[in-house]
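Next up, entry04.pdb (PDB, C-alpha atoms):
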ATOM      1  CA  MET A   1     148.586  89.382  67.182
ATOM      2  CA  ALA A   2     148.208  90.415  70.783
ATOM      3  CA  GLN A   3     145.090  92.180  71.929
ATOM      4  CA  PRO A   4     145.637  95.828  72.745
ATOM      5  CA  ILE A   5     146.343  96.266  76.414
ATOM      6  CA  THR A   6     143.668  98.139  78.330
ATOM      7  CA  GLN A   7     145.678 100.999  79.711
ATOM      8  CA  TYR A   8     143.222 102.767  81.959
ATOM      9  CA  LYS A   9     140.813 101.887  84.707
ATOM     10  CA  TRP A  10     138.399 104.693  83.876
ATOM     11  CA  TYR A  11     137.102 105.353  80.376
ATOM     12  CA  PHE A  12     134.104 107.471  79.379
ATOM     13  CA  GLU A  13     131.836 104.428  79.697
ATOM     14  CA  ASP A  14     132.896 103.917  83.318
ATOM     15  CA  MET A  15     131.538 107.248  84.504
ATOM     16  CA  VAL A  16     128.210 106.557  86.177
ATOM     17  CA  VAL A  17     125.954 109.510  86.937
ATOM     18  CA  GLY A  18     125.559 109.896  90.688
ATOM     19  CA  GLN A  19     128.508 107.728  91.689
ATOM     20  CA  VAL A  20     130.633 109.476  94.332
ATOM     21  CA  ILE A  21     134.357 108.816  93.834
ATOM     22  CA  PRO A  22     136.500 109.750  96.861
ATOM     23  CA  VAL A  23     139.890 111.158  95.876
ATOM     24  CA  GLY A  24     141.529 111.585  99.263
ATOM     25  CA  SER A  25     142.555 114.237 101.721
ATOM     26  CA  LYS A  26     145.136 116.992 101.999
ATOM     27  CA  THR A  27     146.232 118.955 105.064
ATOM     28  CA  VAL A  28     147.486 122.406 104.133
ATOM     29  CA  THR A  29     150.289 124.169 106.016
ATOM     30  CA  ALA A  30     150.831 127.864 106.672
ATOM     31  CA  GLU A  31     153.969 127.662 104.512
ATOM     32  CA  GLU A  32     152.026 126.230 101.567
ATOM     33  CA  ILE A  33     149.309 128.883 101.874
ATOM     34  CA  HIS A  34     151.955 131.612 101.965
ATOM     35  CA  ALA A  35     154.001 130.225  99.057
ATOM     36  CA  PHE A  36     150.999 129.885  96.743
ATOM     37  CA  ALA A  37     149.676 133.324  97.647
ATOM     38  CA  GLU A  38     153.075 135.004  97.230
ATOM     39  CA  ALA A  39     153.312 133.494  93.754
ATOM     40  CA  PHE A  40     149.765 133.955  92.521
ATOM     41  CA  ASP A  41     147.441 135.826  94.861
ATOM     42  CA  PRO A  42     149.325 138.205  97.183
ATOM     43  CA  GLN A  43     146.254 139.866  98.673
ATOM     44  CA  PRO A  44     146.707 140.968 102.311
ATOM     45  CA  PHE A  45     144.292 138.375 103.707
ATOM     46  CA  HIS A  46     146.388 135.614 102.089
ATOM     47  CA  VAL A  47     149.948 136.825 102.820
ATOM     48  CA  ASP A  48     149.877 139.298 105.734
ATOM     49  CA  PRO A  49     148.815 137.842 109.116
ATOM     50  CA  GLU A  50     148.351 141.274 110.691
ATOM     51  CA  ALA A  51     146.207 142.640 107.871
ATOM     52  CA  ALA A  52     144.334 139.338 107.659
ATOM     53  CA  ALA A  53     143.467 139.513 111.365
ATOM     54  CA  LYS A  54     141.732 142.831 110.725
ATOM     55  CA  SER A  55     139.929 141.605 107.586
ATOM     56  CA  ILE A  56     136.474 140.022 107.437
ATOM     57  CA  TYR A  57     138.243 136.642 107.573
ATOM     58  CA  GLY A  58     139.872 137.249 110.971
ATOM     59  CA  GLY A  59     143.149 135.650 109.889
ATOM     60  CA  VAL A  60     145.046 134.310 106.904
ATOM     61  CA  ILE A  61     143.023 132.143 104.527
ATOM     62  CA  ALA A  62     144.175 130.145 101.515
ATOM     63  CA  SER A  63     143.675 131.650  98.073
ATOM     64  CA  GLY A  64     140.618 130.141  96.465
ATOM     65  CA  TRP A  65     142.821 129.266  93.489
ATOM     66  CA  HIS A  66     145.070 127.368  95.884
ATOM     67  CA  THR A  67     142.086 125.430  97.227
ATOM     68  CA  CYS A  68     141.074 124.511  93.663
ATOM     69  CA  SER A  69     144.653 123.541  92.833
ATOM     70  CA  MET A  70     144.849 121.280  95.894
ATOM     71  CA  MET A  71     141.562 119.673  94.833
ATOM     72  CA  MET A  72     143.028 119.171  91.354
ATOM     73  CA  ARG A  73     146.117 117.452  92.771
ATOM     74  CA  LEU A  74     143.935 114.970  94.664
ATOM     75  CA  MET A  75     141.873 114.443  91.508
ATOM     76  CA  VAL A  76     145.003 113.634  89.507
ATOM     77  CA  ASP A  77     146.664 111.401  92.111
ATOM     78  CA  ASN A  78     143.613 109.366  92.984
ATOM     79  CA  PHE A  79     141.452 109.401  89.867
ATOM     80  CA  LEU A  80     142.704 111.029  86.675
ATOM     81  CA  LYS A  81     146.034 109.177  86.614
ATOM     82  CA  ASP A  82     144.024 105.976  86.106
ATOM     83  CA  ALA A  83     141.603 107.574  83.660
ATOM     84  CA  ALA A  84     141.710 108.093  79.901
ATOM     85  CA  SER A  85     141.522 111.815  80.545
ATOM     86  CA  MET A  86     142.047 114.255  77.687
ATOM     87  CA  GLY A  87     141.858 117.454  79.691
ATOM     88  CA  SER A  88     139.056 119.907  80.155
ATOM     89  CA  PRO A  89     137.440 122.703  78.182
ATOM     90  CA  GLY A  90     136.415 124.525  81.325
ATOM     91  CA  VAL A  91     134.666 124.886  84.644
ATOM     92  CA  ASP A  92     131.082 126.025  85.072
ATOM     93  CA  GLN A  93     130.987 127.047  88.698
ATOM     94  CA  ILE A  94     133.334 127.410  91.633
ATOM     95  CA  ARG A  95     132.036 128.283  95.076
ATOM     96  CA  TRP A  96     134.392 129.145  97.916
ATOM     97  CA  ILE A  97     131.963 128.483 100.734
ATOM     98  CA  LYS A  98     134.136 128.501 103.862
ATOM     99  CA  PRO A  99     137.709 129.715 104.331
ATOM    100  CA  VAL A 100     140.537 127.152 104.293
ATOM    101  CA  ARG A 101     143.171 127.925 106.921
ATOM    102  CA  ALA A 102     146.563 126.514 107.929
ATOM    103  CA  GLY A 103     146.166 123.092 109.496
ATOM    104  CA  ASP A 104     142.822 122.403 107.830
ATOM    105  CA  THR A 105     142.359 119.031 106.146
ATOM    106  CA  ILE A 106     140.191 118.944 103.053
ATOM    107  CA  THR A 107     138.652 115.681 101.895
ATOM    108  CA  VAL A 108     137.595 115.696  98.268
ATOM    109  CA  SER A 109     135.211 113.669  96.132
ATOM    110  CA  THR A 110     133.996 113.859  92.556
ATOM    111  CA  THR A 111     130.605 112.870  91.172
ATOM    112  CA  ALA A 112     129.522 112.640  87.549
ATOM    113  CA  VAL A 113     126.349 114.658  87.090
ATOM    114  CA  ASP A 114     125.992 114.122  83.333
ATOM    115  CA  THR A 115     127.752 112.193  80.586
ATOM    116  CA  ARG A 116     127.422 112.563  76.841
ATOM    117  CA  PRO A 117     129.360 111.196  73.871
ATOM    118  CA  SER A 118     131.010 113.926  71.813
ATOM    119  CA  GLY A 119     128.840 114.974  68.907
ATOM    120  CA  SER A 120     131.792 115.517  66.591
ATOM    121  CA  LYS A 121     134.525 113.157  67.845
ATOM    122  CA  PRO A 122     133.496 109.505  68.157
ATOM    123  CA  ASP A 123     136.554 108.546  70.219
ATOM    124  CA  ARG A 124     135.589 110.610  73.259
ATOM    125  CA  GLY A 125     132.877 111.826  75.594
ATOM    126  CA  VAL A 126     132.286 114.743  77.916
ATOM    127  CA  VAL A 127     131.562 114.197  81.604
ATOM    128  CA  GLU A 128     130.119 116.934  83.780
ATOM    129  CA  THR A 129     131.406 116.535  87.295
ATOM    130  CA  GLU A 130     130.981 118.126  90.688
ATOM    131  CA  TRP A 131     133.928 118.160  93.060
ATOM    132  CA  ARG A 132     133.253 118.720  96.731
ATOM    133  CA  ALA A 133     135.788 119.584  99.437
ATOM    134  CA  VAL A 134     134.813 119.074 103.084
ATOM    135  CA  ASN A 135     136.978 120.120 106.035
ATOM    136  CA  GLN A 136     137.882 118.215 109.207
ATOM    137  CA  ASP A 137     134.696 119.502 110.866
ATOM    138  CA  GLY A 138     132.516 118.108 108.095
ATOM    139  CA  GLU A 139     131.839 121.554 106.652
ATOM    140  CA  LEU A 140     131.598 121.956 102.896
ATOM    141  CA  VAL A 141     134.343 124.444 101.996
ATOM    142  CA  ALA A 142     134.370 124.444  98.187
ATOM    143  CA  THR A 143     132.599 123.026  95.153
ATOM    144  CA  VAL A 144     133.730 122.942  91.531
ATOM    145  CA  LYS A 145     131.381 122.038  88.682
ATOM    146  CA  GLY A 146     133.460 121.214  85.679
ATOM    147  CA  MET A 147     133.792 119.252  82.497
ATOM    148  CA  GLY A 148     136.230 116.540  81.558
ATOM    149  CA  MET A 149     136.923 114.853  78.243
ATOM    150  CA  PHE A 150     137.569 111.103  78.365
ATOM    151  CA  LEU A 151     138.394 108.568  75.689
ATOM    152  CA  ARG A 152     135.734 105.966  75.012
ATOM    153  CA  ARG A 153     136.706 102.418  75.893
ATOM    154  CA  PRO A 154     138.352 100.779  72.857
ATOM    155  CA  ASN A 155     135.875  98.445  71.094
ATOM    156  CA  ALA A 156     133.153  99.479  73.529
TER
ATOM    157  CA  MET B   1     139.273 166.036 113.427
ATOM    158  CA  ALA B   2     140.939 164.918 110.245
ATOM    159  CA  GLN B   3     138.877 163.469 107.460
ATOM    160  CA  PRO B   4     139.406 159.741 106.947
ATOM    161  CA  ILE B   5     142.046 159.136 104.322
ATOM    162  CA  THR B   6     140.785 157.507 101.150
ATOM    163  CA  GLN B   7     142.867 154.377 101.062
ATOM    164  CA  TYR B   8     141.913 152.836  97.745
ATOM    165  CA  LYS B   9     141.625 153.902  94.152
ATOM    166  CA  TRP B  10     138.820 151.483  93.368
ATOM    167  CA  TYR B  11     135.693 151.125  95.482
ATOM    168  CA  PHE B  12     132.414 149.484  94.521
ATOM    169  CA  GLU B  13     131.129 152.775  93.103
ATOM    170  CA  ASP B  14     134.120 152.989  90.748
ATOM    171  CA  MET B  15     133.252 149.829  88.877
ATOM    172  CA  VAL B  16     131.566 150.867  85.637
ATOM    173  CA  VAL B  17     129.792 148.212  83.610
ATOM    174  CA  GLY B  18     131.548 147.737  80.297
ATOM    175  CA  GLN B  19     134.792 149.453  81.224
ATOM    176  CA  VAL B  20     137.799 147.345  80.179
ATOM    177  CA  ILE B  21     140.630 147.532  82.727
ATOM    178  CA  PRO B  22     143.971 146.209  81.411
ATOM    179  CA  VAL B  23     145.975 144.403  84.099
ATOM    180  CA  GLY B  24     149.171 143.637  82.235
ATOM    181  CA  SER B  25     151.062 140.765  80.679
ATOM    182  CA  LYS B  26     152.958 137.680  81.795
ATOM    183  CA  THR B  27     155.338 135.472  79.819
ATOM    184  CA  VAL B  28     155.374 131.925  81.151
ATOM    185  CA  THR B  29     158.473 129.736  81.128
ATOM    186  CA  ALA B  30     158.809 125.975  80.745
ATOM    187  CA  GLU B  31     160.154 125.857  84.304
ATOM    188  CA  GLU B  32     157.099 127.637  85.683
ATOM    189  CA  ILE B  33     154.727 125.357  83.770
ATOM    190  CA  HIS B  34     156.568 122.312  85.090
ATOM    191  CA  ALA B  35     156.754 123.532  88.693
ATOM    192  CA  PHE B  36     153.054 124.359  88.910
ATOM    193  CA  ALA B  37     152.031 121.098  87.286
ATOM    194  CA  GLU B  38     154.338 118.992  89.479
ATOM    195  CA  ALA B  39     152.758 120.606  92.531
ATOM    196  CA  PHE B  40     149.109 120.658  91.531
ATOM    197  CA  ASP B  41     148.305 119.012  88.194
ATOM    198  CA  PRO B  42     150.843 116.317  87.256
ATOM    199  CA  GLN B  43     148.974 115.012  84.222
ATOM    200  CA  PRO B  44     151.259 113.723  81.436
ATOM    201  CA  PHE B  45     150.434 116.541  79.014
ATOM    202  CA  HIS B  46     151.572 119.065  81.667
ATOM    203  CA  VAL B  47     154.735 117.379  83.021
ATOM    204  CA  ASP B  48     156.009 114.827  80.489
ATOM    205  CA  PRO B  49     157.242 116.268  77.155
ATOM    206  CA  GLU B  50     157.317 112.853  75.459
ATOM    207  CA  ALA B  51     153.785 111.903  76.498
ATOM    208  CA  ALA B  52     152.580 115.445  75.758
ATOM    209  CA  ALA B  53     153.948 115.230  72.208
ATOM    210  CA  LYS B  54     151.740 112.184  71.608
ATOM    211  CA  SER B  55     148.655 113.771  73.222
ATOM    212  CA  ILE B  56     145.973 115.790  71.455
ATOM    213  CA  TYR B  57     147.921 118.902  72.488
ATOM    214  CA  GLY B  58     151.103 117.969  70.576
ATOM    215  CA  GLY B  59     153.359 119.158  73.395
ATOM    216  CA  VAL B  60     153.387 120.354  76.988
ATOM    217  CA  ILE B  61     150.679 122.849  77.896
ATOM    218  CA  ALA B  62     150.167 124.795  81.108
ATOM    219  CA  SER B  63     147.618 123.515  83.587
ATOM    220  CA  GLY B  64     144.406 125.469  83.249
ATOM    221  CA  TRP B  65     144.634 126.176  86.983
ATOM    222  CA  HIS B  66     148.070 127.664  86.360
ATOM    223  CA  THR B  67     146.659 129.919  83.652
ATOM    224  CA  CYS B  68     143.928 131.104  86.038
ATOM    225  CA  SER B  69     146.504 131.630  88.792
ATOM    226  CA  MET B  70     148.708 133.721  86.482
ATOM    227  CA  MET B  71     145.638 135.783  85.544
ATOM    228  CA  MET B  72     144.927 136.235  89.268
ATOM    229  CA  ARG B  73     148.458 137.479  89.920
ATOM    230  CA  LEU B  74     148.082 140.143  87.226
ATOM    231  CA  MET B  75     144.688 141.065  88.672
ATOM    232  CA  VAL B  76     146.200 141.535  92.136
ATOM    233  CA  ASP B  77     149.324 143.428  91.013
ATOM    234  CA  ASN B  78     147.602 145.802  88.661
ATOM    235  CA  PHE B  79     144.072 146.189  89.991
ATOM    236  CA  LEU B  80     143.066 144.529  93.267
ATOM    237  CA  LYS B  81     145.988 145.938  95.269
ATOM    238  CA  ASP B  82     144.486 149.388  94.663
ATOM    239  CA  ALA B  83     140.920 148.221  95.251
ATOM    240  CA  ALA B  84     138.812 147.858  98.375
ATOM    241  CA  SER B  85     138.547 144.161  97.588
ATOM    242  CA  MET B  86     137.025 141.799 100.140
ATOM    243  CA  GLY B  87     137.591 138.567  98.264
ATOM    244  CA  SER B  88     135.245 136.489  96.182
ATOM    245  CA  PRO B  89     132.447 134.019  96.782
ATOM    246  CA  GLY B  90     133.161 132.201  93.535
ATOM    247  CA  VAL B  91     133.564 131.942  89.815
ATOM    248  CA  ASP B  92     130.742 131.262  87.380
ATOM    249  CA  GLN B  93     132.575 130.122  84.284
ATOM    250  CA  ILE B  94     136.108 129.334  83.194
ATOM    251  CA  ARG B  95     136.883 128.507  79.593
ATOM    252  CA  TRP B  96     140.309 127.229  78.558
ATOM    253  CA  ILE B  97     140.007 128.079  74.888
ATOM    254  CA  LYS B  98     143.556 127.662  73.554
ATOM    255  CA  PRO B  99     146.565 125.973  75.139
ATOM    256  CA  VAL B 100     149.166 128.126  76.882
ATOM    257  CA  ARG B 101     152.715 126.921  76.177
ATOM    258  CA  ALA B 102     156.225 127.826  77.330
ATOM    259  CA  GLY B 103     157.243 131.210  75.960
ATOM    260  CA  ASP B 104     153.673 132.404  75.469
ATOM    261  CA  THR B 105     152.778 135.858  76.740
ATOM    262  CA  ILE B 106     149.278 136.362  78.043
ATOM    263  CA  THR B 107     147.794 139.841  78.260
ATOM    264  CA  VAL B 108     144.875 140.112  80.650
ATOM    265  CA  SER B 109     141.995 142.521  81.134
ATOM    266  CA  THR B 110     138.949 142.632  83.372
ATOM    267  CA  THR B 111     135.535 144.114  82.637
ATOM    268  CA  ALA B 112     132.625 144.626  85.019
ATOM    269  CA  VAL B 113     129.521 143.051  83.501
ATOM    270  CA  ASP B 114     127.179 143.785  86.416
ATOM    271  CA  THR B 115     127.308 145.584  89.752
ATOM    272  CA  ARG B 116     124.868 145.432  92.631
ATOM    273  CA  PRO B 117     124.943 146.630  96.233
ATOM    274  CA  SER B 118     124.776 143.813  98.745
ATOM    275  CA  GLY B 119     121.221 143.167  99.860
ATOM    276  CA  SER B 120     122.250 142.329 103.421
ATOM    277  CA  LYS B 121     125.484 144.260 104.035
ATOM    278  CA  PRO B 122     125.297 148.010 103.345
ATOM    279  CA  ASP B 123     129.083 148.485 103.413
ATOM    280  CA  ARG B 124     129.756 146.451 100.280
ATOM    281  CA  GLY B 125     128.697 145.493  96.792
ATOM    282  CA  VAL B 126     129.148 142.582  94.420
ATOM    283  CA  VAL B 127     130.712 143.067  90.988
ATOM    284  CA  GLU B 128     130.404 140.458  88.267
ATOM    285  CA  THR B 129     133.502 140.536  86.125
ATOM    286  CA  GLU B 130     134.868 138.880  83.025
ATOM    287  CA  TRP B 131     138.609 138.365  82.744
ATOM    288  CA  ARG B 132     140.081 137.745  79.320
ATOM    289  CA  ALA B 133     143.555 136.447  78.495
ATOM    290  CA  VAL B 134     144.896 136.936  74.962
ATOM    291  CA  ASN B 135     148.205 135.500  73.728
ATOM    292  CA  GLN B 136     150.987 137.135  71.703
ATOM    293  CA  ASP B 137     149.164 136.206  68.483
ATOM    294  CA  GLY B 138     145.998 137.992  69.572
ATOM    295  CA  GLU B 139     144.191 134.723  70.244
ATOM    296  CA  LEU B 140     141.796 134.520  73.175
ATOM    297  CA  VAL B 141     143.187 131.718  75.361
ATOM    298  CA  ALA B 142     141.055 131.878  78.510
ATOM    299  CA  THR B 143     138.080 133.635  80.064
ATOM    300  CA  VAL B 144     136.956 133.713  83.687
ATOM    301  CA  LYS B 145     133.557 135.040  84.744
ATOM    302  CA  GLY B 146     133.648 135.704  88.434
ATOM    303  CA  MET B 147     132.369 137.731  91.320
ATOM    304  CA  GLY B 148     134.191 140.139  93.565
ATOM    305  CA  MET B 149     133.092 141.862  96.760
ATOM    306  CA  PHE B 150     134.185 145.483  97.173
ATOM    307  CA  LEU B 151     133.675 148.003  99.944
ATOM    308  CA  ARG B 152     131.471 150.946  99.095
ATOM    309  CA  ARG B 153     133.209 154.309  99.067
ATOM    310  CA  PRO B 154     133.049 155.819 102.554
ATOM    311  CA  ASN B 155     130.345 158.521 102.723
ATOM    312  CA  ALA B 156     129.353 157.708  99.145
TER
END

Once you've parsed the file, please lay out its structure as structure tokens.
Amino acid sequence: MAQPITQYKWYFEDMVVGQVIPVGSKTVTAEEIHAFAEAFDPQPFHVDPEAAAKSIYGGVIASGWHTCSMMMRLMVDNFLKDAASMGSPGVDQIRWIKPVRAGDTITVSTTAVDTRPSGSKPDRGVVETEWRAVNQDGELVATVKGMGMFLRRPNA
Amino acid sequence: MAQPITQYKWYFEDMVVGQVIPVGSKTVTAEEIHAFAEAFDPQPFHVDPEAAAKSIYGGVIASGWHTCSMMMRLMVDNFLKDAASMGSPGVDQIRWIKPVRAGDTITVSTTAVDTRPSGSKPDRGVVETEWRAVNQDGELVATVKGMGMFLRRPNA
């Protein structure tokens, strides 16, 4: 009988505390900022250039939820799609440190800050991660501290 | 000279700790779940019904970022648009407690859990809030503990 095929590159056991995993970059357009904000966060400083110019931000900025969602997309495309990921019970901290504006490029990485096998489910473990997004000027624009559930490597 | 017109219903001073502010309901469709996930979180249990059926979720569920974004839209439409809101420095905790699936209706409320004037900027204050989303069966599906900055009431 054939051995089971290892389906994923990243299992729970492959998450090493402190290892920085780059997950790529994304340049955001004015159209994308507007479309997300119209759908989910139509505050004046996200959708109205004139009102935004008069706000404390001095111009339109991306919704913080949009920034997180763009970080998530990079996480999926360049990490989670190759991981035995089972989803997430939650996020422990988001910080929107600098505005993200049209034309900005965010470069994102994830680092495991803690790993622990599940106490109740022997097939999985929980990984605490910190995502960091840096802009084209090297400025940290957002951080997300979250949790992910990952399957343990079969026969590990 | 005319008195300045009060522009907003909700200023910093109007946020009362413990007061529950309902911000309405949203029914999510399969198309919306798919569109958000394709754009921002294309994990199999969000975009692929067959793979989702075999996952621990037993079917397609909304991205947690989509759930938060839908909560944000209700917050804007039914609270923040009438508030002297200056945006947010971050979120302190998100919990995705139950899956949100196509056809589910989430009903959202926000409660101030702490308020404090800014130490450095006398025109504003910070409000710690907890958002709660409950589904059509009365089950708590998500909570978000966050921070909002609000202008103080002029001449308050």

Exercise. May I have the residues within 8 Å of Ser25 in chain A as a ChimeraX atom specification, using all atoms listed in the file and disregarding those fewer than 2 positions away in the same chain?
Key: /A:23,27,74,105-108

May I have the residues from that selection written out with C-alpha atoms, as a PDB file, keeping the file's coordinate frame?
ATOM      1  CA  VAL A  23     139.890 111.158  95.876  1.00  0.00           C
ATOM      2  CA  THR A  27     146.232 118.955 105.064  1.00  0.00           C
ATOM      3  CA  LEU A  74     143.935 114.970  94.664  1.00  0.00           C
ATOM      4  CA  THR A 105     142.359 119.031 106.146  1.00  0.00           C
ATOM      5  CA  ILE A 106     140.191 118.944 103.053  1.00  0.00           C
ATOM      6  CA  THR A 107     138.652 115.681 101.895  1.00  0.00           C
ATOM      7  CA  VAL A 108     137.595 115.696  98.268  1.00  0.00           C
TER       8      VAL A 108
END

Exercise. Run the PyMOL selection byres ((chain A and resi 124) around 7) against the file shown and list the residues it catches, as a ChimeraX atom specification.
Key: /A:117-118,121-123,125,149-152

Self-check item: Within 10 Å of range 79-85 of chain A using only C-alpha atoms, minus same-chain residues under 5 positions, as a PyMOL selection string
Solution: (chain A and resi 7-12+14+21-24+72-74+109-110+124-125+148-153) or (chain B and resi 41-44)

Mind telling me what the ChimeraX specification (/A :<10) & /B catches here, as a short mmCIF file (atom, residue, chain, number, x, y, z; two decimals) with C-alpha atoms, in the coordinates of the input?
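Here's the written file part19.cif:
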data_model
loop_
_atom_site.label_atom_id
_atom_site.label_comp_id
_atom_site.auth_asym_id
_atom_site.auth_seq_id
_atom_site.Cartn_x
_atom_site.Cartn_y
_atom_site.Cartn_z
CA PHE B 36 153.05 124.36 88.91
CA ALA B 37 152.03 121.10 87.29
CA GLU B 38 154.34 118.99 89.48
CA ALA B 39 152.76 120.61 92.53
CA PHE B 40 149.11 120.66 91.53
CA ASP B 41 148.30 119.01 88.19
CA PRO B 42 150.84 116.32 87.26
CA GLN B 43 148.97 115.01 84.22
CA PRO B 44 151.26 113.72 81.44
CA PHE B 45 150.43 116.54 79.01
CA SER B 55 148.66 113.77 73.22
CA ILE B 56 145.97 115.79 71.46
CA TYR B 57 147.92 118.90 72.49
CA SER B 63 147.62 123.52 83.59
CA GLY B 64 144.41 125.47 83.25
CA TRP B 65 144.63 126.18 86.98
CA HIS B 66 148.07 127.66 86.36
CA CYS B 68 143.93 131.10 86.04
CA SER B 69 146.50 131.63 88.79
CA MET B 70 148.71 133.72 86.48
CA MET B 71 145.64 135.78 85.54
CA MET B 72 144.93 136.24 89.27
CA ARG B 73 148.46 137.48 89.92
CA LEU B 74 148.08 140.14 87.23
CA MET B 75 144.69 141.06 88.67
CA VAL B 76 146.20 141.54 92.14
CA ASP B 77 149.32 143.43 91.01
CA LEU B 80 143.07 144.53 93.27
CA LYS B 81 145.99 145.94 95.27
CA SER B 85 138.55 144.16 97.59
CA MET B 86 137.02 141.80 100.14
CA GLY B 87 137.59 138.57 98.26
CA SER B 88 135.24 136.49 96.18
CA PRO B 89 132.45 134.02 96.78
CA GLY B 90 133.16 132.20 93.54
CA VAL B 91 133.56 131.94 89.82
CA ASP B 92 130.74 131.26 87.38
CA GLN B 93 132.57 130.12 84.28
CA ILE B 94 136.11 129.33 83.19
CA ARG B 95 136.88 128.51 79.59
CA TRP B 96 140.31 127.23 78.56
CA ILE B 97 140.01 128.08 74.89
CA LYS B 98 143.56 127.66 73.55
CA ALA B 142 141.06 131.88 78.51
CA THR B 143 138.08 133.64 80.06
CA VAL B 144 136.96 133.71 83.69
CA LYS B 145 133.56 135.04 84.74
CA GLY B 146 133.65 135.70 88.43
#

Quiz item: Rounded to one decimal in Å, what is the spacing between CA of Val134 in chain B and CA of Val16 in chain B?
Solution: 22.0 Å

Quiz item: Do you have the CA of Val28 in chain A-CA of Val100 in chain B distance handy?
Solution: 27.9 Å

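If you look at CA of Glu13 in chain B and CA of Glu128 in chain B, they are 13.3 Å away from each other.
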
Quiz item: Which residues, written as a PyMOL selection string, have at least one atom at most 6 Å from Val127 in chain B, with only C-alpha atoms counted and residues fewer than 4 positions away on the same chain left out?
Solution: chain B and resi 114-115+147-148

Practice problem: Excluding Val17 in chain A and any residue of its chain fewer than 2 positions from it, enumerate the residues within 8 Å of it, using only C-alpha atoms, and give them as a PyMOL selection string. | Solution: chain A and resi 15+19+111-115

Quiz item: Please, which residues are within 6 Å of (149.8, 124.6, 78.7) by the file's coordinates, counting only C-alpha atoms, and could they come as a PyMOL selection string?
Solution: chain B and resi 60-63+99-101

Given 5 Å of margin on each side, can you work out the centre and size in Å (one decimal) of an axis-aligned box holding every listed atom of range 100-107 of chain B, as JSON?
{"center_x": 152.5, "center_y": 133.4, "center_z": 76.9, "size_x": 19.4, "size_y": 22.9, "size_z": 12.8}

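Minimum distance to Arg132 in chain B across B:Asp48, B:Thr67, B:Ala102, B:Ala35 (counting all atoms listed in the file) occurs at B:Thr67.
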
Quiz item: Which one of A:Arg116, A:Asn78, A:Lys26, A:Glu50 sits closest to Ala133 in chain A if you count all atoms listed in the file?
Solution: A:Lys26

Quiz item: With distances taken over all atoms listed in the file, which of B:Asp104, B:Gly59, B:Gly18, B:Val47 is nearest to Glu139 in chain B?
Solution: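 Closest candidate: B:Asp104.
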